[in-house]
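**Student:** File start.txt follows (compact mmCIF, C-alpha atoms):
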# COMPACT_ATOMS: atom_id res chain seq x y z
CA MET A 11 -22.25 -1.81 -3.09
CA SER A 12 -19.66 -3.69 -1.08
CA LYS A 13 -16.73 -1.95 0.55
CA LYS A 14 -13.46 -1.86 -1.37
CA LYS A 15 -10.78 -4.12 0.16
CA LEU A 16 -7.58 -2.31 1.06
CA LEU A 17 -4.35 -3.93 2.24
CA LEU A 18 -2.28 -1.64 4.48
CA ALA A 19 1.32 -2.84 4.78
CA GLU A 20 3.00 -0.72 7.46
CA ASP A 21 5.31 -1.76 10.30
CA ASP A 22 4.97 1.46 12.33
CA GLU A 23 2.11 0.49 14.67
CA LEU A 24 1.13 4.07 15.57
CA LEU A 25 0.95 5.20 11.94
CA ALA A 26 -0.78 1.95 10.95
CA SER A 27 -3.51 2.41 13.56
CA LEU A 28 -4.03 6.07 12.56
CA LEU A 29 -4.29 5.22 8.85
CA ASN A 30 -6.38 2.13 9.58
CA PHE A 31 -8.86 4.26 11.55
CA ARG A 32 -9.12 6.95 8.84
CA LEU A 33 -9.39 4.46 5.97
CA LYS A 34 -12.13 2.48 7.75
CA LYS A 35 -13.91 5.77 8.52
CA GLY A 36 -13.56 6.56 4.80
CA GLY A 37 -15.53 3.41 3.98
CA TYR A 38 -12.80 0.87 3.21
CA ASP A 39 -12.53 -2.71 4.42
CA VAL A 40 -8.94 -2.50 5.74
CA SER A 41 -6.62 -5.43 6.41
CA HIS A 42 -3.30 -4.61 8.07
CA SER A 43 0.00 -6.45 7.69
CA ALA A 44 2.97 -5.35 9.82
CA ASP A 45 5.64 -7.10 7.76
CA GLY A 46 6.36 -8.73 4.43
CA LYS A 47 5.61 -12.27 5.62
CA GLN A 48 2.09 -11.22 6.62
CA VAL A 49 1.66 -9.45 3.28
CA LYS A 50 2.55 -12.60 1.31
CA GLU A 51 0.27 -14.77 3.49
CA PHE A 52 -2.59 -12.31 2.97
CA LEU A 53 -2.08 -12.13 -0.80
CA ALA A 54 -2.03 -15.95 -1.01
CA THR A 55 -5.70 -16.04 0.02
CA THR A 56 -7.12 -12.59 -0.74
CA THR A 57 -7.04 -10.13 -3.63
CA PRO A 58 -7.44 -6.58 -2.33
CA ASP A 59 -8.77 -3.78 -4.53
CA ILE A 60 -5.75 -1.63 -3.62
CA ILE A 61 -2.51 -1.89 -1.62
CA VAL A 62 -0.96 0.89 0.47
CA SER A 63 2.58 -0.05 1.50
CA ASP A 64 5.58 1.36 3.30
CA ILE A 65 8.97 0.76 1.63
CA MET A 66 10.93 -0.28 4.72
CA MET A 67 9.37 -3.34 6.36
CA PRO A 68 10.82 -6.48 7.93
CA TYR A 69 11.26 -9.60 5.72
CA PHE A 70 10.00 -8.06 2.47
CA SER A 71 10.34 -4.42 1.43
CA GLY A 72 7.72 -2.33 -0.33
CA MET A 73 9.89 -2.48 -3.47
CA GLU A 74 9.91 -6.29 -3.27
CA LEU A 75 6.16 -6.18 -2.74
CA ILE A 76 5.64 -4.18 -5.96
CA ALA A 77 7.82 -6.62 -7.92
CA TYR A 78 6.03 -9.61 -6.33
CA VAL A 79 2.54 -8.29 -7.17
CA ARG A 80 3.47 -7.26 -10.73
CA ASN A 81 5.71 -10.23 -11.67
CA GLU A 82 4.84 -13.24 -9.46
CA LEU A 83 1.11 -12.58 -9.11
CA ASN A 84 0.93 -10.88 -12.53
CA SER A 85 -1.58 -8.46 -11.02
CA LYS A 86 -2.55 -4.90 -11.82
CA ILE A 87 -3.81 -4.16 -8.28
CA PRO A 88 -3.15 -0.43 -7.70
CA ILE A 89 -0.23 0.09 -5.30
CA ILE A 90 0.41 3.32 -3.39
CA ILE A 91 3.79 3.55 -1.66
CA ILE A 92 4.18 5.66 1.47
CA SER A 93 7.70 6.23 2.72
CA SER A 94 9.99 8.44 4.74
CA ALA A 95 12.64 7.45 2.18
CA GLY A 96 11.10 9.74 -0.41
CA ASN A 97 14.32 10.57 -2.22
CA GLU A 98 14.20 10.76 -5.99
CA GLU A 99 15.92 7.38 -6.46
CA ASN A 100 13.33 5.54 -4.36
CA VAL A 101 10.42 7.33 -6.02
CA LEU A 102 11.70 6.52 -9.51
CA ASN A 103 12.51 2.93 -8.53
CA ALA A 104 8.98 2.44 -7.15
CA PHE A 105 7.40 3.77 -10.35
CA GLU A 106 9.73 1.68 -12.55
CA LEU A 107 8.70 -1.45 -10.62
CA GLY A 108 5.03 -0.61 -11.20
CA ALA A 109 3.78 1.51 -8.29
CA ASN A 110 0.78 3.67 -9.12
CA ASP A 111 1.52 6.48 -6.66
CA PHE A 112 4.10 7.56 -4.06
CA ILE A 113 3.48 9.66 -0.96
CA SER A 114 6.33 10.89 1.24
CA LYS A 115 5.92 10.66 5.01
CA PRO A 116 4.64 12.26 7.09
CA VAL A 117 1.49 11.22 5.27
CA SER A 118 -1.76 13.14 5.66
CA PRO A 119 -4.61 10.64 6.16
CA SER A 120 -6.93 12.96 4.22
CA GLU A 121 -4.52 13.11 1.27
CA LEU A 122 -4.17 9.32 1.37
CA LEU A 123 -7.96 8.93 1.21
CA VAL A 124 -8.11 11.19 -1.86
CA ARG A 125 -5.29 9.31 -3.60
CA VAL A 126 -6.81 5.89 -2.80
CA ALA A 127 -10.17 7.00 -4.22
CA ARG A 128 -8.43 8.42 -7.31
CA GLU A 129 -6.59 5.13 -8.00
CA LEU A 130 -9.73 3.05 -7.50
CA ASN A 131 -11.72 5.34 -9.83
CA LYS A 132 -9.17 4.80 -12.63
CA ASN A 133 -10.02 1.09 -12.74
Rewrite the coordinates I just gave you, this time as structure tokens.

**Tutor:**
Amino acid sequence: MSKKKLLLAEDDELLASLLNFRLKKGGYDVSHSADGKQVKEFLATTTPDIIVSDIMMPYFSGMELIAYVRNELNSKIPIIIISSAGNEENVLNAFELGANDFISKPVSPSELLVRVARELNKN
């Protein structure tokens, strides 16, 4: 069985490397994008099995990413949003746009692994 492809969109390098390490250790083939431009370039050539994205990123926010994946790409790729902006308005907005899950920062890598597995098992 091949590894599931995961796109990690996170501009905080320290958090990205921590999550990248834990997700790879958890058995995922992780690609990392530090900003929205990199995300769009990646999605132009690759279809990940799941996307984990921050809301606040340069060039293209996590909210714009959800809308792009759902409307432009017309894709049902599971999307988990992680954000320090976990106020009710952002959470509801993310779900309305089509996010599958929302985790407030600070994010526990172990919790993220469980939620990623849960989303992938739904499909």

**Student:** Which residues are close to Asn110 of chain A, i.e. within 8 Å by all atoms listed in the file, leaving aside same-chain residues fewer than 6 positions away? Reply as a list in words.

**Tutor:** Pro88, Ile89, Ile90 and Glu129 of chain A

**Student:** How close does segment 22-84 of chain A get to segment 97-104 of chain A? List, as CSV, each residue of segment 22-84 of chain A within 9 Å, its nearest atom pair and the distance in Å to one decimal, counting only C-alpha atoms.

**Tutor:**
residue,atom,partner,partner_atom,distance
A:Ile65,CA,A:Asn100,CA,8.8
A:Gly72,CA,A:Ala104,CA,8.4
A:Met73,CA,A:Ala104,CA,6.2
A:Ile76,CA,A:Ala104,CA,7.5

**Student:** Determine the nearest neighbour of Lys14 of chain A from the options A:Asn84, A:Ser71, A:Ser27, A:Asn131, counting all atoms listed in the file.

**Tutor:**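 Ranking A:Asn84, A:Ser71, A:Ser27, A:Asn131 by distance to Lys14 of chain A, first place goes to A:Asn131.
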
**Student:** Please determine, counting all atoms listed in the file, which residue among A:Ala54, A:Phe105, A:Ile60, A:Lys132 has the shortest atom-to-atom distance to Leu33 of chain A.

**Tutor:**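 Closest candidate: A:Ile60.
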
**Student:** For Thr56 of chain A, find every residue with an atom within 12 Å (counting only C-alpha atoms), except residues of its own chain fewer than 3 positions away, and show them as a list of chain:residue names.

**Tutor:**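 Here the answer would be A:Lys15, A:Leu16, A:Leu17, A:Ser41, A:Gln48, A:Val49, A:Lys50, A:Glu51, A:Phe52, A:Leu53, A:Asp59, A:Ile60, A:Ile61, A:Leu83, A:Ile87.
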
**Student:** Using all atoms listed in the file, which of the listed residues (A:Ser114, A:Thr55, A:Lys35, A:Ala19) sits closest to Met67 of chain A?

**Tutor:**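 Of the candidates, the smallest distance to Met67 of chain A is held by A:Ala19.
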